[in-house]
Structure formats: C-alpha cells, structure tokens
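Undergrad: File name upload_38.tsv; file contents TSV, C-alpha atoms; full text below.
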```tsv
chain	number	residue	atom	x	y	z
W	71	MET	CA	1.95	-18.26	12.47
W	72	SER	CA	0.56	-15.04	11.09
W	73	GLU	CA	-2.18	-15.00	8.50
W	74	LYS	CA	-1.32	-14.43	4.87
W	75	MET	CA	-2.71	-11.91	2.42
W	76	THR	CA	-1.88	-11.59	-1.26
W	77	VAL	CA	-2.58	-8.85	-3.78
W	78	ILE	CA	-2.19	-9.34	-7.51
W	79	VAL	CA	-1.43	-5.98	-9.07
W	80	PHE	CA	-2.48	-6.42	-12.70
W	81	SER	CA	-3.13	-2.80	-13.59
W	82	ASP	CA	-0.85	0.21	-13.88
W	83	ASP	CA	-3.68	2.67	-13.29
W	84	LEU	CA	-2.71	5.09	-10.51
W	85	ASP	CA	-6.07	4.80	-8.73
W	86	ARG	CA	-5.95	1.01	-8.69
W	87	ALA	CA	-2.32	0.97	-7.55
W	88	LEU	CA	-3.21	3.35	-4.69
W	89	ALA	CA	-6.03	1.01	-3.60
W	90	ALA	CA	-3.68	-1.98	-3.80
W	91	PHE	CA	-1.07	-0.32	-1.57
W	92	ASN	CA	-3.66	1.02	0.89
W	93	LEU	CA	-4.99	-2.50	1.42
W	94	ALA	CA	-1.53	-4.10	1.54
W	95	ASN	CA	-0.41	-1.55	4.12
W	96	THR	CA	-3.54	-2.06	6.21
W	97	GLY	CA	-3.09	-5.83	6.07
W	98	ALA	CA	0.53	-5.51	7.21
W	99	SER	CA	-0.61	-3.22	10.05
W	100	MET	CA	-3.08	-5.90	11.10
W	101	GLY	CA	-0.23	-8.34	11.48
W	102	MET	CA	-0.77	-10.17	8.19
W	103	GLU	CA	2.10	-11.41	6.07
W	104	VAL	CA	1.45	-9.60	2.79
W	105	THR	CA	2.74	-10.49	-0.68
W	106	MET	CA	2.13	-8.29	-3.71
W	107	PHE	CA	2.46	-10.03	-7.06
W	108	PHE	CA	2.96	-7.61	-9.95
W	109	THR	CA	1.93	-8.95	-13.31
W	110	PHE	CA	1.19	-7.71	-16.85
W	111	TRP	CA	0.52	-3.94	-16.82
W	112	GLY	CA	1.08	-4.03	-13.06
W	113	LEU	CA	4.82	-4.33	-13.74
W	114	GLY	CA	4.64	-0.63	-14.65
W	115	VAL	CA	4.06	0.18	-10.97
W	116	ILE	CA	7.48	-1.20	-9.98
W	117	LYS	CA	9.44	-0.10	-13.05
W	118	LYS	CA	12.36	2.27	-12.51
W	119	GLU	CA	11.97	5.74	-13.97
W	120	ARG	CA	14.64	4.91	-16.52
W	121	VAL	CA	14.65	1.47	-18.06
W	122	ALA	CA	17.73	0.35	-20.00
W	123	ARG	CA	17.39	-0.34	-23.73
W	124	GLY	CA	18.50	-3.91	-22.95
W	125	ASP	CA	17.85	-6.87	-25.16
W	126	LYS	CA	14.39	-5.89	-26.36
W	127	SER	CA	12.70	-6.63	-29.69
W	128	PHE	CA	11.42	-3.66	-31.70
W	129	MET	CA	7.87	-4.24	-30.45
W	130	GLN	CA	8.99	-4.49	-26.82
W	131	TRP	CA	10.99	-1.31	-27.18
W	132	ALA	CA	8.04	0.51	-28.80
W	133	MET	CA	5.67	-0.73	-26.10
W	134	GLY	CA	8.10	0.46	-23.44
W	135	LEU	CA	8.11	3.91	-25.04
W	136	MET	CA	4.33	4.13	-25.03
W	137	LYS	CA	3.99	2.74	-21.52
W	138	ARG	CA	7.02	3.98	-19.66
W	139	GLY	CA	5.73	3.09	-16.24
W	140	SER	CA	7.22	3.90	-12.82
W	141	ALA	CA	5.11	5.01	-9.86
W	142	ARG	CA	5.56	8.72	-10.57
W	143	ARG	CA	4.20	8.52	-14.13
W	144	LEU	CA	1.07	6.44	-13.62
W	145	LYS	CA	-2.25	7.92	-14.71
W	146	MET	CA	-5.73	7.54	-13.33
W	147	SER	CA	-8.07	5.10	-15.08
W	148	GLN	CA	-10.68	7.85	-15.40
W	149	MET	CA	-10.60	11.62	-15.72
W	150	ASN	CA	-6.94	11.72	-16.68
W	151	MET	CA	-7.68	14.55	-19.14
W	152	LEU	CA	-4.19	14.56	-20.68
W	153	GLY	CA	-2.63	14.53	-17.24
W	154	PHE	CA	-4.55	17.46	-15.80
W	155	GLY	CA	-6.97	15.22	-13.89
W	156	THR	CA	-4.17	13.08	-12.50
W	157	SER	CA	-2.11	16.03	-11.30
W	158	THR	CA	-5.19	17.64	-9.77
W	159	MET	CA	-5.97	14.41	-7.93
W	160	LYS	CA	-2.37	14.20	-6.69
W	161	SER	CA	-2.50	17.71	-5.30
W	162	MET	CA	-5.89	17.07	-3.69
W	163	MET	CA	-4.45	13.96	-2.03
W	164	LYS	CA	-1.62	16.09	-0.70
W	165	THR	CA	-4.11	18.59	0.73
W	166	TYR	CA	-5.88	15.77	2.56
W	167	ARG	CA	-2.52	14.33	3.69
W	168	MET	CA	-3.11	11.04	1.93
W	169	PRO	CA	0.06	9.14	1.08
W	170	SER	CA	1.23	9.30	-2.53
W	171	LEU	CA	1.87	6.06	-4.39
W	172	GLN	CA	5.61	6.44	-3.79
W	173	GLU	CA	4.98	6.91	-0.06
W	174	GLY	CA	2.68	3.88	-0.09
W	175	ILE	CA	5.44	1.79	-1.68
W	176	ALA	CA	7.99	2.96	0.91
W	177	LEU	CA	5.57	2.28	3.76
W	178	ALA	CA	4.80	-1.20	2.44
W	179	LYS	CA	8.51	-1.98	2.36
W	180	GLU	CA	8.98	-0.61	5.85
W	181	GLN	CA	6.20	-2.91	7.06
W	182	GLY	CA	7.77	-5.97	5.44
W	183	VAL	CA	5.38	-6.39	2.50
W	184	LYS	CA	6.95	-8.68	-0.10
W	185	PHE	CA	7.06	-7.58	-3.75
W	186	MET	CA	7.19	-10.20	-6.50
W	187	ALA	CA	7.39	-9.67	-10.26
W	188	CYS	CA	5.87	-12.12	-12.74
W	189	THR	CA	8.52	-13.69	-14.97
W	190	THR	CA	6.17	-14.41	-17.89
W	191	SER	CA	5.07	-10.77	-18.13
W	192	MET	CA	8.71	-9.71	-17.82
W	193	ALA	CA	9.66	-11.92	-20.79
W	194	LEU	CA	6.74	-10.61	-22.84
W	195	MET	CA	7.74	-7.01	-22.22
W	196	GLY	CA	11.47	-7.59	-22.45
W	197	LEU	CA	12.07	-6.51	-18.84
W	198	THR	CA	14.72	-7.82	-16.46
W	199	ARG	CA	15.12	-7.66	-12.68
W	200	ASP	CA	17.34	-4.60	-13.15
W	201	ASP	CA	14.45	-2.68	-14.73
W	202	PHE	CA	12.58	-2.73	-11.40
W	203	ILE	CA	13.01	-0.67	-8.27
W	204	ASP	CA	15.21	-2.18	-5.54
W	205	GLU	CA	12.18	-2.82	-3.34
W	206	VAL	CA	11.27	-5.87	-5.46
W	207	ASP	CA	12.24	-8.97	-3.47
W	208	ASP	CA	11.88	-11.69	-6.04
W	209	VAL	CA	10.75	-12.75	-9.49
W	210	ALA	CA	8.48	-15.78	-9.75
W	211	GLY	CA	5.69	-17.55	-11.64
W	212	ALA	CA	2.04	-18.45	-11.13
W	213	ALA	CA	2.77	-21.60	-9.11
W	214	THR	CA	4.71	-19.58	-6.54
W	215	TYR	CA	1.86	-17.10	-6.28
W	216	LEU	CA	-0.78	-19.83	-5.95
W	217	GLY	CA	1.33	-21.63	-3.36
W	218	ILE	CA	1.21	-18.52	-1.18
W	219	ALA	CA	-2.38	-17.62	-2.08
W	220	SER	CA	-3.63	-21.11	-1.16
W	221	GLU	CA	-2.56	-20.30	2.41
W	222	GLY	CA	-3.93	-16.78	2.17
W	223	LYS	CA	-7.05	-15.65	3.98
W	224	VAL	CA	-7.38	-12.57	1.77
W	225	ASN	CA	-6.38	-12.77	-1.89
W	226	LEU	CA	-7.12	-9.78	-4.10
W	227	PHE	CA	-6.82	-9.11	-7.83
W	228	ILE	CA	-6.54	-5.42	-8.61
K	184	MET	CA	-8.25	8.20	30.80
K	185	ASP	CA	-4.50	8.20	31.36
K	186	ALA	CA	-2.52	7.15	28.36
K	187	ASP	CA	1.13	6.11	28.18
K	188	LYS	CA	1.49	7.53	24.69
K	189	THR	CA	-0.57	9.73	22.40
K	190	ILE	CA	-0.52	9.91	18.62
K	191	ASP	CA	-2.17	12.70	16.67
K	192	CYS	CA	-3.95	11.38	13.59
K	193	VAL	CA	-6.25	14.38	13.15
K	194	GLY	CA	-6.48	15.14	9.44
K	195	LEU	CA	-5.37	11.65	8.43
K	196	TYR	CA	-7.61	9.24	6.56
K	197	CYS	CA	-7.88	5.49	6.34
K	198	PRO	CA	-5.61	3.55	6.52
K	199	MET	CA	-3.10	5.96	8.09
K	200	PRO	CA	-4.53	6.11	11.65
K	201	ILE	CA	-4.44	2.30	11.77
K	202	VAL	CA	-0.95	2.11	10.26
K	203	LYS	CA	0.30	4.67	12.78
K	204	THR	CA	-1.44	2.87	15.64
K	205	ALA	CA	0.30	-0.38	14.67
K	206	GLN	CA	3.66	1.41	14.57
K	207	ALA	CA	3.11	3.16	17.91
K	208	MET	CA	1.94	0.00	19.68
K	209	LYS	CA	5.27	-1.65	18.90
K	210	GLU	CA	6.93	0.79	21.28
K	211	LEU	CA	4.54	0.06	24.16
K	212	GLU	CA	4.78	-2.64	26.81
K	213	PRO	CA	1.86	-5.03	27.48
K	214	GLY	CA	-0.72	-3.32	29.69
K	215	GLN	CA	0.14	0.19	28.50
K	216	VAL	CA	-2.47	2.38	26.82
K	217	LEU	CA	-2.23	4.29	23.56
K	218	GLU	CA	-4.38	7.34	22.93
K	219	VAL	CA	-5.23	8.01	19.28
K	220	LEU	CA	-6.65	11.40	18.33
K	221	ALA	CA	-8.49	11.28	15.02
K	222	ASP	CA	-11.28	12.86	13.01
K	223	ASP	CA	-11.90	10.29	10.29
K	224	ALA	CA	-15.15	8.53	11.22
K	225	GLY	CA	-13.80	5.29	9.75
K	226	ILE	CA	-11.72	4.78	12.86
K	227	LYS	CA	-14.84	4.04	14.92
K	228	SER	CA	-15.23	0.67	13.21
K	229	ASP	CA	-11.63	0.24	12.04
K	230	MET	CA	-10.02	0.33	15.46
K	231	PRO	CA	-12.21	-2.39	17.00
K	232	ALA	CA	-11.54	-4.48	13.84
K	233	TRP	CA	-7.80	-3.89	14.16
K	234	CYS	CA	-7.85	-4.80	17.86
K	235	GLU	CA	-9.86	-7.95	17.20
K	236	LYS	CA	-7.33	-9.06	14.60
K	237	THR	CA	-4.20	-8.19	16.52
K	238	GLY	CA	-5.44	-9.30	19.95
K	239	ASN	CA	-5.30	-5.87	21.56
K	240	GLU	CA	-8.06	-4.25	23.59
K	241	CYS	CA	-10.11	-1.32	22.33
K	242	VAL	CA	-10.88	0.29	25.69
K	243	SER	CA	-13.05	3.19	24.57
K	244	ILE	CA	-13.98	5.47	21.71
K	245	ASP	CA	-15.02	8.96	22.80
K	246	GLU	CA	-16.40	11.58	20.47
K	247	GLU	CA	-16.14	15.25	21.34
K	248	GLY	CA	-17.51	17.27	18.46
K	249	ASP	CA	-15.43	16.42	15.41
K	250	GLU	CA	-12.62	14.89	17.40
K	251	ILE	CA	-12.54	11.21	18.19
K	252	LYS	CA	-10.38	9.89	21.03
K	253	VAL	CA	-9.62	6.21	20.95
K	254	TYR	CA	-7.89	4.30	23.75
K	255	VAL	CA	-6.20	1.01	22.96
K	256	ARG	CA	-4.55	-1.23	25.52
K	257	LYS	CA	-1.71	-3.44	24.44
K	258	THR	CA	-2.40	-6.98	25.57
K	259	GLY	CA	-0.23	-9.12	23.33
```
Render the structure in this file as structure tokens.
TA:
Amino acid sequence: MSEKMTVIVFSDDLDRALAAFNLANTGASMGMEVTMFFTFWGLGVIKKERVARGDKSFMQWAMGLMKRGSARRLKMSQMNMLGFGTSTMKSMMKTYRMPSLQEGIALAKEQGVKFMACTTSMALMGLTRDDFIDEVDDVAGAATYLGIASEGKVNLFI
Amino acid sequence: MDADKTIDCVGLYCPMPIVKTAQAMKELEPGQVLEVLADDAGIKSDMPAWCEKTGNECVSIDEEGDEIKVYVRKTG
C-alpha cells in the first residue's frame, strides 16, 4: 500500500497556497496518496469565481463580499501593495516557468490528489458544495481528516 | 549513456523536473533509462530522493557547465 500524505490548507494567502500545492504535487509524484483538507480561510482557495447568493445570513454575505476567494483572486501574505506586488510576483513566476496556482490545482487533480472541504467552516461561512470548484472530491469533518492523517507519514498544516 | 527517452526540464524549477520525471517514467518499461536535462541545482539531491522513495535507480548525475544530465533507470 502506498504511503499517505495530508496537507491542511488553512490559509487563503496565494504564497501559502502555492507552497501547499507544490508539496502535494511532489508527494503525488513520489507515489504518495495525497489528501488536501481545505478549512477556514483555506476554503477560499477552492471557491468558484462566482458564488451564489444562496442561503446566507447578512454577516456571511458581507464576509463573502470582502473575501471573495477563488484561486485567481488570492493575494500574497506580504508585499501585496494593493495588488501590484501580487501581479508582479505572478508575472515573475511566469518568466521562470513556475506553475500558477490554477496550474498547480489542475496538476494535483491529474495526479490523483484528493480535495476535501471542511463542513464546519462551510457552515460558518454559509458555503455549500456547489460554491466550490468541481475538483473537490468530498466534504468532511475533523474525524475524517484525523483518520487519514493518523496513517499519514507526512502531515502538514499550511 | 544511451537513454530510451529524454525529457527537457531546462528552465524548470522544483518540483516540476520531479513531477515530469514521474510522468515520463510511467511510459517506460522496467529496465529502460530516462534522461532528464535540467539546470535547477535542486535536482542533484531531489532525484536520488525521488528514486529512493519510488524504488527506481538513479544511475548518474553529470554536470556540464550549467546543464545537469540525470539518468534514471526504471526498476519497479
């Protein structure tokens, strides 16, 4: 049986998400069975570009407006400079032929990395399965994550 | 060294040479050799680590100026 690796994606910072996908993709390339568990702000990484109004409270709706999420919109944790820093970094990454976050997501899927969304964070933010990109395999809770992580040789929190 | 397949990873950085190696090795038969052309120094320690983990053989790592040629034999 192949070794397991898990990555908790807690943050929706672009730089952290890039690191998470780089490691998940490397793990998958090394023959590991990789699961990424998206929780709290990390849900922003797997949000669709357009999220339906849905059955959200006023606060959830307002929070969704301030933090719209989706891979394309994420900002760096440092040197964002109203978006200038982030777009400069993106174009530098292109120059050095480093995969964008969207390419990292596609590659992870191609390599069989499993994506899971945390149900508690979804409830808190008023999000449903339909608000996430199709690549998400499942929604689950902490016990599911820990069940997998307890068999994992590499378990990361990013 | 004669290779059965060559992949050009020059200009690519970690983890892409490893990801591409893993993809290319799927198309090889056991015993065949993959040649990886790269220029990211990380590959010099990454490829042996990848081989160790996946049970393949890192035959040699040759440096010629900036270019690094890595030969990997598929064993599994």
Undergrad: How far is it from atom CA of K:Lys209 to atom CA of W:Val77, in Å with one decimal?
TA: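 Here the two named atoms are 25.1 Å from each other.
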Undergrad: Chain K near chain W within 10 Å: what's each residue's closest atom pair and its distance in Å to one decimal, counting all atoms listed in the file, ordered by chain then ascending residue number, as CSV?
TA:
```
residue,atom,partner,partner_atom,distance
K:Gly194,CA,W:Tyr166,CA,6.9
K:Leu195,CA,W:Arg167,CA,6.1
K:Tyr196,CA,W:Met168,CA,6.7
K:Cys197,CA,W:Asn92,CA,8.2
K:Pro198,CA,W:Thr96,CA,6.0
K:Met199,CA,W:Met168,CA,8.0
K:Pro200,CA,W:Thr96,CA,9.9
K:Ile201,CA,W:Ser99,CA,6.9
K:Val202,CA,W:Ser99,CA,5.3
K:Lys203,CA,W:Ser99,CA,8.4
K:Thr204,CA,W:Ser99,CA,8.3
K:Ala205,CA,W:Ser99,CA,5.5
K:Gln206,CA,W:Ser99,CA,7.8
K:Ala232,CA,W:Met100,CA,9.0
K:Trp233,CA,W:Met100,CA,6.0
K:Cys234,CA,W:Met100,CA,8.3
K:Glu235,CA,W:Met100,CA,9.3
K:Lys236,CA,W:Met100,CA,6.3
K:Thr237,CA,W:Met100,CA,6.0
K:Gly238,CA,W:Met100,CA,9.8
```
Undergrad: Give me, as a ChimeraX atom specification, all polymer residues having an atom no more than 8 Å from stretch 79-87 of chain W, counting all atoms listed in the file and skipping those fewer than 3 positions away in the same chain.
TA: /W:90-91,106-115,139,141,144-147,171,227-228
Undergrad: What is the distance, in Å and to one decimal place, between atom CA of W:Leu197 and atom CA of W:Leu226?
TA: 24.4 Å
Undergrad: Any idea what's packed within 6 Å of K:Thr258, counting all atoms listed in the file, ignoring anything in its chain fewer than 2 positions away? Could you give it as a list in words?
TA: Pro213, Gly214 and Asn239 of chain K
Undergrad: Figure out the distance between atom CA of W:Asp207 and atom CA of W:Lys223, please, to one decimal in Å.
TA: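 Rounded to one decimal, the two atoms are 21.7 Å apart.
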Undergrad: Using only the atoms of stretch 210-223 of chain K listed in the file, plus 3 Å on each side, state the axis-aligned box centre and edge lengths in Å rounded to one decimal, as AutoDock Vina command-line options.
TA:
```
--center_x -2.5 --center_y 3.9 --center_z 20.0 --size_x 24.8 --size_y 23.9 --size_z 25.4
```
Undergrad: Set the distance at 12 Å and use only C-alpha atoms: which residues neighbour K:Glu210 once local chain neighbours fewer than 6 positions away are removed? I'd like the list as a ChimeraX atom specification.
TA: /K:187-189,203-204,216-217,257
